[in-house]
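Content type mmCIF, N, CA and C atoms, from the file protein-v5.cif:
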data_entry
#
loop_
_atom_site.label_atom_id
_atom_site.label_comp_id
_atom_site.auth_asym_id
_atom_site.auth_seq_id
_atom_site.Cartn_x
_atom_site.Cartn_y
_atom_site.Cartn_z
N MET A 1 110.73 111.35 131.53
CA MET A 1 110.31 109.98 131.38
C MET A 1 110.28 109.24 132.71
N ASP A 2 110.27 109.96 133.81
CA ASP A 2 110.21 109.33 135.12
C ASP A 2 108.94 108.52 135.31
N ASP A 3 107.89 108.83 134.52
CA ASP A 3 106.63 108.10 134.65
C ASP A 3 106.78 106.62 134.32
N VAL A 4 107.76 106.27 133.49
CA VAL A 4 107.98 104.87 133.13
C VAL A 4 108.58 104.11 134.30
N LEU A 5 109.25 104.83 135.18
CA LEU A 5 109.89 104.20 136.32
C LEU A 5 109.12 104.54 137.59
N VAL A 6 108.97 103.56 138.43
CA VAL A 6 108.23 103.75 139.68
C VAL A 6 109.17 103.46 140.83
N ARG A 7 109.14 104.32 141.86
CA ARG A 7 109.98 104.08 143.04
C ARG A 7 109.40 102.94 143.85
N GLN A 8 110.26 101.98 144.15
CA GLN A 8 109.83 100.85 144.97
C GLN A 8 110.98 100.50 145.90
N GLY A 9 110.77 100.67 147.17
CA GLY A 9 111.83 100.37 148.13
C GLY A 9 113.08 101.18 147.91
N GLY A 10 112.94 102.45 147.52
CA GLY A 10 114.10 103.31 147.33
C GLY A 10 114.78 103.14 145.99
N GLN A 11 114.36 102.15 145.19
CA GLN A 11 114.98 101.94 143.87
C GLN A 11 113.95 102.20 142.78
N MET A 12 114.46 102.56 141.62
CA MET A 12 113.59 102.80 140.48
C MET A 12 113.28 101.46 139.82
N LYS A 13 112.03 101.23 139.52
CA LYS A 13 111.61 99.97 138.90
C LYS A 13 110.82 100.28 137.63
N TYR A 14 111.16 99.62 136.57
CA TYR A 14 110.48 99.75 135.28
C TYR A 14 109.10 99.08 135.40
N THR A 15 108.06 99.74 134.87
CA THR A 15 106.73 99.13 134.88
C THR A 15 106.18 99.06 133.46
N THR A 16 105.68 97.92 133.11
CA THR A 16 105.17 97.68 131.76
C THR A 16 104.00 98.59 131.42
N ASP A 17 103.12 98.82 132.37
CA ASP A 17 101.93 99.62 132.08
C ASP A 17 102.25 101.08 131.76
N LYS A 18 103.46 101.53 132.06
CA LYS A 18 103.87 102.89 131.73
C LYS A 18 104.87 102.92 130.57
N SER A 19 105.07 101.77 129.93
CA SER A 19 106.03 101.68 128.83
C SER A 19 105.38 102.09 127.51
N LEU A 20 105.94 103.06 126.85
CA LEU A 20 105.46 103.49 125.54
C LEU A 20 105.54 102.32 124.55
N GLY A 21 106.69 101.65 124.54
CA GLY A 21 106.88 100.54 123.61
C GLY A 21 105.86 99.43 123.81
N PHE A 22 105.63 99.04 125.05
CA PHE A 22 104.68 97.97 125.33
C PHE A 22 103.26 98.41 124.98
N THR A 23 102.90 99.63 125.29
CA THR A 23 101.56 100.12 125.00
C THR A 23 101.30 100.17 123.49
N VAL A 24 102.28 100.65 122.73
CA VAL A 24 102.15 100.68 121.28
C VAL A 24 102.06 99.26 120.73
N TYR A 25 102.89 98.36 121.24
CA TYR A 25 102.89 96.96 120.80
C TYR A 25 101.55 96.29 121.09
N ARG A 26 101.04 96.47 122.30
CA ARG A 26 99.77 95.86 122.71
C ARG A 26 98.64 96.40 121.83
N THR A 27 98.65 97.68 121.57
CA THR A 27 97.63 98.30 120.73
C THR A 27 97.72 97.77 119.31
N SER A 28 98.93 97.67 118.79
CA SER A 28 99.14 97.15 117.44
C SER A 28 98.64 95.72 117.31
N LEU A 29 98.93 94.90 118.30
CA LEU A 29 98.46 93.50 118.27
C LEU A 29 96.93 93.43 118.27
N ALA A 30 96.29 94.23 119.11
CA ALA A 30 94.83 94.23 119.17
C ALA A 30 94.24 94.68 117.84
N PHE A 31 94.82 95.72 117.27
CA PHE A 31 94.36 96.25 115.99
C PHE A 31 94.51 95.19 114.90
N LYS A 32 95.68 94.56 114.85
CA LYS A 32 95.96 93.55 113.83
C LYS A 32 95.03 92.34 113.98
N LYS A 33 94.81 91.90 115.21
CA LYS A 33 93.94 90.75 115.46
C LYS A 33 92.52 91.03 114.98
N GLU A 34 92.00 92.21 115.31
CA GLU A 34 90.64 92.56 114.88
C GLU A 34 90.56 92.71 113.37
N PHE A 35 91.58 93.31 112.76
CA PHE A 35 91.58 93.47 111.31
C PHE A 35 91.64 92.10 110.63
N ALA A 36 92.46 91.20 111.15
CA ALA A 36 92.56 89.84 110.60
C ALA A 36 91.20 89.15 110.66
N ARG A 37 90.48 89.33 111.76
CA ARG A 37 89.15 88.73 111.90
C ARG A 37 88.21 89.25 110.82
N ARG A 38 88.25 90.55 110.58
CA ARG A 38 87.37 91.16 109.59
C ARG A 38 87.75 90.81 108.15
N LEU A 39 89.03 90.50 107.93
CA LEU A 39 89.50 90.16 106.58
C LEU A 39 89.35 88.68 106.25
N ARG A 40 89.11 87.86 107.26
CA ARG A 40 89.10 86.40 107.08
C ARG A 40 88.24 85.97 105.90
N SER A 41 87.05 86.50 105.78
CA SER A 41 86.14 86.07 104.71
C SER A 41 86.64 86.49 103.32
N TYR A 42 87.59 87.42 103.26
CA TYR A 42 88.15 87.86 101.98
C TYR A 42 89.39 87.06 101.58
N GLY A 43 89.87 86.23 102.50
CA GLY A 43 91.01 85.38 102.19
C GLY A 43 92.35 86.08 102.14
N VAL A 44 92.45 87.22 102.81
CA VAL A 44 93.74 87.92 102.89
C VAL A 44 94.05 88.27 104.34
N THR A 45 95.32 88.47 104.59
CA THR A 45 95.80 88.84 105.91
C THR A 45 96.05 90.35 105.96
N PRO A 46 96.20 90.92 107.16
CA PRO A 46 96.55 92.34 107.22
C PRO A 46 97.84 92.67 106.47
N GLU A 47 98.81 91.77 106.49
CA GLU A 47 100.07 92.00 105.77
C GLU A 47 99.83 92.03 104.26
N GLN A 48 98.98 91.12 103.78
CA GLN A 48 98.65 91.10 102.35
C GLN A 48 97.84 92.35 101.98
N TRP A 49 96.95 92.75 102.87
CA TRP A 49 96.18 93.98 102.64
C TRP A 49 97.11 95.18 102.49
N ALA A 50 98.15 95.25 103.31
CA ALA A 50 99.08 96.38 103.23
C ALA A 50 99.67 96.48 101.83
N VAL A 51 100.01 95.35 101.24
CA VAL A 51 100.57 95.34 99.89
C VAL A 51 99.50 95.74 98.87
N LEU A 52 98.30 95.16 98.98
CA LEU A 52 97.21 95.51 98.05
C LEU A 52 96.90 97.00 98.12
N ASN A 53 96.81 97.53 99.33
CA ASN A 53 96.48 98.93 99.48
C ASN A 53 97.59 99.84 98.96
N CYS A 54 98.82 99.47 99.24
CA CYS A 54 99.95 100.26 98.75
C CYS A 54 99.93 100.31 97.22
N LEU A 55 99.66 99.17 96.59
CA LEU A 55 99.59 99.14 95.13
C LEU A 55 98.37 99.91 94.62
N GLY A 56 97.30 99.93 95.41
CA GLY A 56 96.14 100.72 95.03
C GLY A 56 96.44 102.21 95.06
N GLU A 57 97.33 102.60 95.94
CA GLU A 57 97.73 104.01 96.02
C GLU A 57 98.71 104.37 94.92
N GLN A 58 99.60 103.44 94.58
CA GLN A 58 100.54 103.64 93.47
C GLN A 58 100.88 102.27 92.90
N ASP A 59 100.33 101.99 91.77
CA ASP A 59 100.53 100.70 91.12
C ASP A 59 101.83 100.71 90.32
N GLY A 60 102.36 99.51 90.11
CA GLY A 60 103.55 99.39 89.27
C GLY A 60 104.83 99.84 89.94
N VAL A 61 105.08 99.32 91.14
CA VAL A 61 106.32 99.64 91.85
C VAL A 61 107.17 98.37 91.96
N SER A 62 108.45 98.56 92.19
CA SER A 62 109.35 97.42 92.33
C SER A 62 109.13 96.74 93.67
N GLN A 63 109.59 95.51 93.77
CA GLN A 63 109.48 94.77 95.03
C GLN A 63 110.22 95.50 96.14
N LYS A 64 111.37 96.06 95.82
CA LYS A 64 112.15 96.80 96.82
C LYS A 64 111.37 98.01 97.34
N GLU A 65 110.76 98.76 96.43
CA GLU A 65 109.99 99.93 96.83
C GLU A 65 108.76 99.52 97.64
N LEU A 66 108.14 98.42 97.25
CA LEU A 66 106.97 97.91 97.97
C LEU A 66 107.36 97.51 99.39
N ALA A 67 108.51 96.88 99.54
CA ALA A 67 109.01 96.50 100.87
C ALA A 67 109.22 97.74 101.73
N GLU A 68 109.81 98.77 101.16
CA GLU A 68 110.05 100.00 101.91
C GLU A 68 108.74 100.67 102.31
N ARG A 69 107.79 100.70 101.41
CA ARG A 69 106.52 101.38 101.68
C ARG A 69 105.66 100.64 102.71
N THR A 70 105.83 99.32 102.79
CA THR A 70 105.03 98.54 103.74
C THR A 70 105.82 98.18 104.99
N TYR A 71 107.06 98.65 105.08
CA TYR A 71 107.92 98.43 106.25
C TYR A 71 108.13 96.94 106.52
N LYS A 72 108.39 96.20 105.44
CA LYS A 72 108.65 94.77 105.55
C LYS A 72 110.01 94.48 104.92
N ASP A 73 110.64 93.41 105.37
CA ASP A 73 111.91 93.05 104.75
C ASP A 73 111.66 92.39 103.40
N SER A 74 112.71 92.27 102.61
CA SER A 74 112.58 91.77 101.24
C SER A 74 112.05 90.33 101.17
N PRO A 75 112.56 89.38 101.98
CA PRO A 75 112.02 88.02 101.91
C PRO A 75 110.53 87.94 102.26
N THR A 76 110.11 88.70 103.26
CA THR A 76 108.70 88.71 103.65
C THR A 76 107.85 89.29 102.52
N THR A 77 108.32 90.37 101.92
CA THR A 77 107.61 90.99 100.81
C THR A 77 107.50 90.02 99.64
N ALA A 78 108.57 89.30 99.35
CA ALA A 78 108.56 88.32 98.26
C ALA A 78 107.51 87.24 98.52
N ARG A 79 107.42 86.75 99.74
CA ARG A 79 106.43 85.71 100.08
C ARG A 79 105.01 86.25 99.92
N ILE A 80 104.78 87.47 100.36
CA ILE A 80 103.44 88.07 100.23
C ILE A 80 103.09 88.24 98.75
N ILE A 81 104.04 88.72 97.96
CA ILE A 81 103.82 88.88 96.53
C ILE A 81 103.50 87.54 95.88
N ASP A 82 104.28 86.51 96.21
CA ASP A 82 104.03 85.18 95.65
C ASP A 82 102.62 84.70 95.98
N LYS A 83 102.22 84.88 97.23
CA LYS A 83 100.90 84.43 97.67
C LYS A 83 99.79 85.19 96.94
N LEU A 84 99.93 86.51 96.86
CA LEU A 84 98.90 87.32 96.19
C LEU A 84 98.87 87.04 94.68
N GLU A 85 100.03 86.76 94.12
CA GLU A 85 100.09 86.41 92.69
C GLU A 85 99.39 85.08 92.45
N SER A 86 99.60 84.11 93.34
CA SER A 86 98.95 82.80 93.20
C SER A 86 97.42 82.91 93.33
N LYS A 87 96.95 83.94 94.04
CA LYS A 87 95.52 84.19 94.18
C LYS A 87 94.97 85.01 93.03
N GLY A 88 95.85 85.43 92.11
CA GLY A 88 95.41 86.21 90.96
C GLY A 88 95.12 87.66 91.28
N LEU A 89 95.68 88.17 92.39
CA LEU A 89 95.39 89.54 92.81
C LEU A 89 96.44 90.54 92.35
N LEU A 90 97.61 90.06 91.99
CA LEU A 90 98.64 90.94 91.43
C LEU A 90 99.49 90.16 90.46
N LYS A 91 100.29 90.90 89.71
CA LYS A 91 101.16 90.28 88.71
C LYS A 91 102.47 91.03 88.66
N ARG A 92 103.49 90.34 88.17
CA ARG A 92 104.79 90.94 87.94
C ARG A 92 104.91 91.26 86.46
N VAL A 93 105.36 92.47 86.16
CA VAL A 93 105.58 92.84 84.76
C VAL A 93 107.00 93.39 84.64
N ASP A 94 107.59 93.19 83.46
CA ASP A 94 108.94 93.71 83.23
C ASP A 94 108.94 95.22 83.31
N ALA A 95 109.96 95.75 83.99
CA ALA A 95 110.13 97.20 84.04
C ALA A 95 110.68 97.66 82.69
N PRO A 96 110.08 98.67 82.09
CA PRO A 96 110.53 99.09 80.76
C PRO A 96 111.97 99.58 80.73
N GLN A 97 112.43 100.20 81.82
CA GLN A 97 113.78 100.77 81.83
C GLN A 97 114.86 99.77 82.25
N ASP A 98 114.45 98.62 82.84
CA ASP A 98 115.43 97.64 83.33
C ASP A 98 114.78 96.26 83.36
N ARG A 99 115.16 95.41 82.41
CA ARG A 99 114.53 94.09 82.29
C ARG A 99 114.87 93.16 83.45
N ARG A 100 115.83 93.55 84.28
CA ARG A 100 116.17 92.73 85.46
C ARG A 100 115.21 92.98 86.61
N VAL A 101 114.40 94.03 86.50
CA VAL A 101 113.50 94.43 87.57
C VAL A 101 112.06 94.15 87.13
N PHE A 102 111.27 93.65 88.07
CA PHE A 102 109.84 93.49 87.84
C PHE A 102 109.09 94.58 88.58
N LEU A 103 108.02 95.04 87.97
CA LEU A 103 107.12 95.95 88.65
C LEU A 103 105.92 95.13 89.11
N ILE A 104 105.43 95.43 90.29
CA ILE A 104 104.31 94.70 90.86
C ILE A 104 103.06 95.53 90.60
N CYS A 105 102.06 94.89 89.99
CA CYS A 105 100.83 95.58 89.61
C CYS A 105 99.62 94.79 90.07
N LEU A 106 98.57 95.49 90.45
CA LEU A 106 97.31 94.85 90.78
C LEU A 106 96.64 94.33 89.51
N THR A 107 96.02 93.16 89.61
CA THR A 107 95.16 92.68 88.54
C THR A 107 93.79 93.33 88.74
N GLN A 108 92.90 93.12 87.81
CA GLN A 108 91.54 93.65 87.97
C GLN A 108 90.90 93.06 89.23
N SER A 109 91.13 91.78 89.50
CA SER A 109 90.60 91.15 90.73
C SER A 109 91.19 91.79 91.97
N GLY A 110 92.46 92.13 91.92
CA GLY A 110 93.11 92.80 93.04
C GLY A 110 92.53 94.18 93.28
N LYS A 111 92.24 94.90 92.20
CA LYS A 111 91.65 96.23 92.32
C LYS A 111 90.25 96.15 92.94
N VAL A 112 89.48 95.17 92.50
CA VAL A 112 88.12 94.99 93.03
C VAL A 112 88.18 94.63 94.51
N LEU A 113 89.07 93.70 94.86
CA LEU A 113 89.19 93.29 96.26
C LEU A 113 89.61 94.47 97.13
N ARG A 114 90.55 95.26 96.67
CA ARG A 114 90.98 96.43 97.44
C ARG A 114 89.80 97.37 97.68
N GLU A 115 89.02 97.62 96.65
CA GLU A 115 87.85 98.50 96.80
C GLU A 115 86.82 97.90 97.76
N ASP A 116 86.70 96.57 97.78
CA ASP A 116 85.78 95.91 98.71
C ASP A 116 86.25 96.04 100.16
N ILE A 117 87.56 95.99 100.36
CA ILE A 117 88.12 96.00 101.72
C ILE A 117 88.31 97.41 102.25
N LEU A 118 88.48 98.37 101.38
CA LEU A 118 88.75 99.75 101.82
C LEU A 118 87.73 100.27 102.85
N PRO A 119 86.43 100.05 102.67
CA PRO A 119 85.49 100.52 103.70
C PRO A 119 85.66 99.81 105.04
N ILE A 120 86.09 98.56 105.01
CA ILE A 120 86.32 97.80 106.24
C ILE A 120 87.51 98.38 106.99
N ALA A 121 88.58 98.67 106.27
CA ALA A 121 89.77 99.27 106.88
C ALA A 121 89.44 100.66 107.42
N THR A 122 88.66 101.41 106.67
CA THR A 122 88.25 102.75 107.11
C THR A 122 87.41 102.67 108.38
N GLN A 123 86.45 101.74 108.40
CA GLN A 123 85.58 101.59 109.57
C GLN A 123 86.37 101.16 110.80
N LEU A 124 87.34 100.29 110.62
CA LEU A 124 88.17 99.87 111.75
C LEU A 124 88.91 101.06 112.35
N ASN A 125 89.42 101.92 111.50
CA ASN A 125 90.10 103.12 111.99
C ASN A 125 89.14 104.05 112.70
N VAL A 126 87.93 104.16 112.20
CA VAL A 126 86.91 105.00 112.86
C VAL A 126 86.62 104.43 114.25
N GLU A 127 86.41 103.12 114.34
CA GLU A 127 86.12 102.49 115.62
C GLU A 127 87.30 102.60 116.59
N ALA A 128 88.50 102.44 116.07
CA ALA A 128 89.69 102.52 116.93
C ALA A 128 89.89 103.92 117.49
N SER A 129 89.43 104.92 116.78
CA SER A 129 89.63 106.30 117.23
C SER A 129 88.38 106.87 117.91
N LYS A 130 87.45 105.99 118.25
CA LYS A 130 86.23 106.42 118.95
C LYS A 130 86.61 107.14 120.24
N GLY A 131 85.97 108.25 120.49
CA GLY A 131 86.26 109.02 121.69
C GLY A 131 87.37 110.04 121.50
N LEU A 132 88.01 110.02 120.35
CA LEU A 132 89.05 111.00 120.05
C LEU A 132 88.49 112.05 119.10
N SER A 133 88.74 113.29 119.40
CA SER A 133 88.35 114.34 118.46
C SER A 133 89.31 114.28 117.27
N GLU A 134 88.97 114.99 116.22
CA GLU A 134 89.87 115.05 115.06
C GLU A 134 91.22 115.63 115.47
N THR A 135 91.20 116.62 116.34
CA THR A 135 92.44 117.21 116.84
C THR A 135 93.24 116.19 117.63
N ASP A 136 92.55 115.44 118.51
CA ASP A 136 93.22 114.39 119.29
C ASP A 136 93.87 113.36 118.37
N LEU A 137 93.11 112.91 117.38
CA LEU A 137 93.62 111.89 116.46
C LEU A 137 94.83 112.41 115.70
N ASN A 138 94.74 113.62 115.19
CA ASN A 138 95.89 114.20 114.47
C ASN A 138 97.09 114.35 115.38
N GLN A 139 96.85 114.74 116.63
CA GLN A 139 97.95 114.88 117.59
C GLN A 139 98.56 113.52 117.90
N LEU A 140 97.72 112.51 118.07
CA LEU A 140 98.22 111.16 118.33
C LEU A 140 99.09 110.67 117.18
N LEU A 141 98.62 110.85 115.97
CA LEU A 141 99.40 110.44 114.80
C LEU A 141 100.71 111.21 114.72
N ASP A 142 100.66 112.51 114.98
CA ASP A 142 101.88 113.32 114.97
C ASP A 142 102.87 112.83 116.03
N LEU A 143 102.37 112.56 117.22
CA LEU A 143 103.24 112.10 118.30
C LEU A 143 103.86 110.74 117.98
N LEU A 144 103.05 109.82 117.46
CA LEU A 144 103.59 108.50 117.10
C LEU A 144 104.62 108.61 115.99
N ASN A 145 104.39 109.52 115.05
CA ASN A 145 105.38 109.73 113.99
C ASN A 145 106.67 110.34 114.54
N LYS A 146 106.56 111.18 115.56
CA LYS A 146 107.76 111.72 116.22
C LYS A 146 108.52 110.61 116.92
N VAL A 147 107.80 109.72 117.60
CA VAL A 147 108.45 108.58 118.26
C VAL A 147 109.15 107.72 117.21
N TYR A 148 108.48 107.46 116.10
CA TYR A 148 109.06 106.66 115.03
C TYR A 148 110.34 107.33 114.50
N ALA A 149 110.28 108.63 114.32
CA ALA A 149 111.44 109.36 113.80
C ALA A 149 112.64 109.31 114.74
N ASN A 150 112.38 109.08 116.02
CA ASN A 150 113.49 108.97 116.98
C ASN A 150 114.36 107.75 116.71
N PHE A 151 113.84 106.81 115.97
CA PHE A 151 114.61 105.60 115.65
C PHE A 151 115.23 105.68 114.29
#

Render the structure in this file as structure tokens.
Amino acid sequence: MDDVLVRQGGQMKYTTDKSLGFTVYRTSLAFKKEFARRLRSYGVTPEQWAVLNCLGEQDGVSQKELAERTYKDSPTTARIIDKLESKGLLKRVDAPQDRRVFLICLTQSGKVLREDILPIATQLNVEASKGLSETDLNQLLDLLNKVYANF
């Protein structure tokens, strides 16, 4: 990891442009900003999309499970659920095995919106990976997942 540090006047100096964390953060911000721009006309944010898409992949999960799957804390997940519920895109239903737990489910409007946005999310990923071969992209994802696993 000496590449992150640059020799300057006999001492090692940290440089932002060689920082893995900063590079990932900067890339994430750019990706999120562009996705937010593309979602604006649909009235949802990238964070709300994450919940809609997660429910599209597996509907009827608890708030706790939804928070884990979208990598958000419980209060943030609750606010997103409240907002999407007020828009009529999802609903809370009693869990059959435990009446103290609600399962979060997409409404028909939520399912339609997810299907409308899915091509936009797919296209953004295609554009973001422009210039990368399929092997490069898979390697990048594998490497980022290894970095994530280090934490």

Atom N of Leu39 (chain A) and atom C of Thr135 (chain A), how far apart in Å?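 Atom-to-atom, atom C of Thr135 (chain A) and atom N of Leu39 (chain A) are spaced 27.8 Å apart.
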
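Candidate residues A:Leu89, A:Gly21, A:Val51, A:Ser133 were compared for distance to Thr107 (chain A), and the nearest is A:Leu89, using only N, CA and C atoms.
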
For region 42-103 of chain A against region 111-132 of chain A, with a cut-off of 7 Å and counting all atoms listed in the file, what is the closest atom pair and its distance in Å to one decimal for every residue that makes the cut, ordered by chain and number, as CSV?
residue,atom,partner,partner_atom,distance
A:Leu52,C,A:Arg114,CA,6.0
A:Asn53,N,A:Arg114,CA,6.2
A:Gly56,CA,A:Lys111,CA,6.9
A:Leu89,C,A:Lys111,N,6.1

Taking the file above as input, evaluate the PyMOL selection byres (((chain A and resi 92 and name CA) around 10) and name CA) and report the hits as a PyMOL selection string. chain A and resi 60-63+81-82+85+90-91+93-95+101-107

Using DSSP on the backbone coordinates, identify the residues of region 36-130 of chain A assigned to helix (DSSP H, G or I); present them as a VMD selection string. chain A and resid 36 to 42 46 to 57 63 to 70 74 to 86 108 to 128

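In this model, the gap between atom C of Arg79 (chain A) and CA of Leu66 (chain A) comes to 12.0 Å.
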
DSSP strand (DSSP E or B) selection over chain A, as an MDAnalysis selection string: chainID A and resid 5:8 11:14 61:62 90:95 98:106

Interatomic distance (Å, one decimal) between CA of Gly110 (chain A) and CA of Asp59 (chain A): 11.0 Å

Using only C-alpha atoms, determine which residues lie at most 10 Å from Lys33 (chain A), disregarding the query and same-chain residues fewer than 6 positions distant; provide the list as a list in words.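 Within the cut-off, the hits are Thr27, Leu39, Thr45 and Pro46 of chain A.
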
With the file shown as input, list the residues that the PyMOL selection byres (((chain A and resi 20 and name CA) around 12) and name CA) selects, as a ChimeraX atom specification. /A:1,3-5,14-19,21-27,143-144,147-148
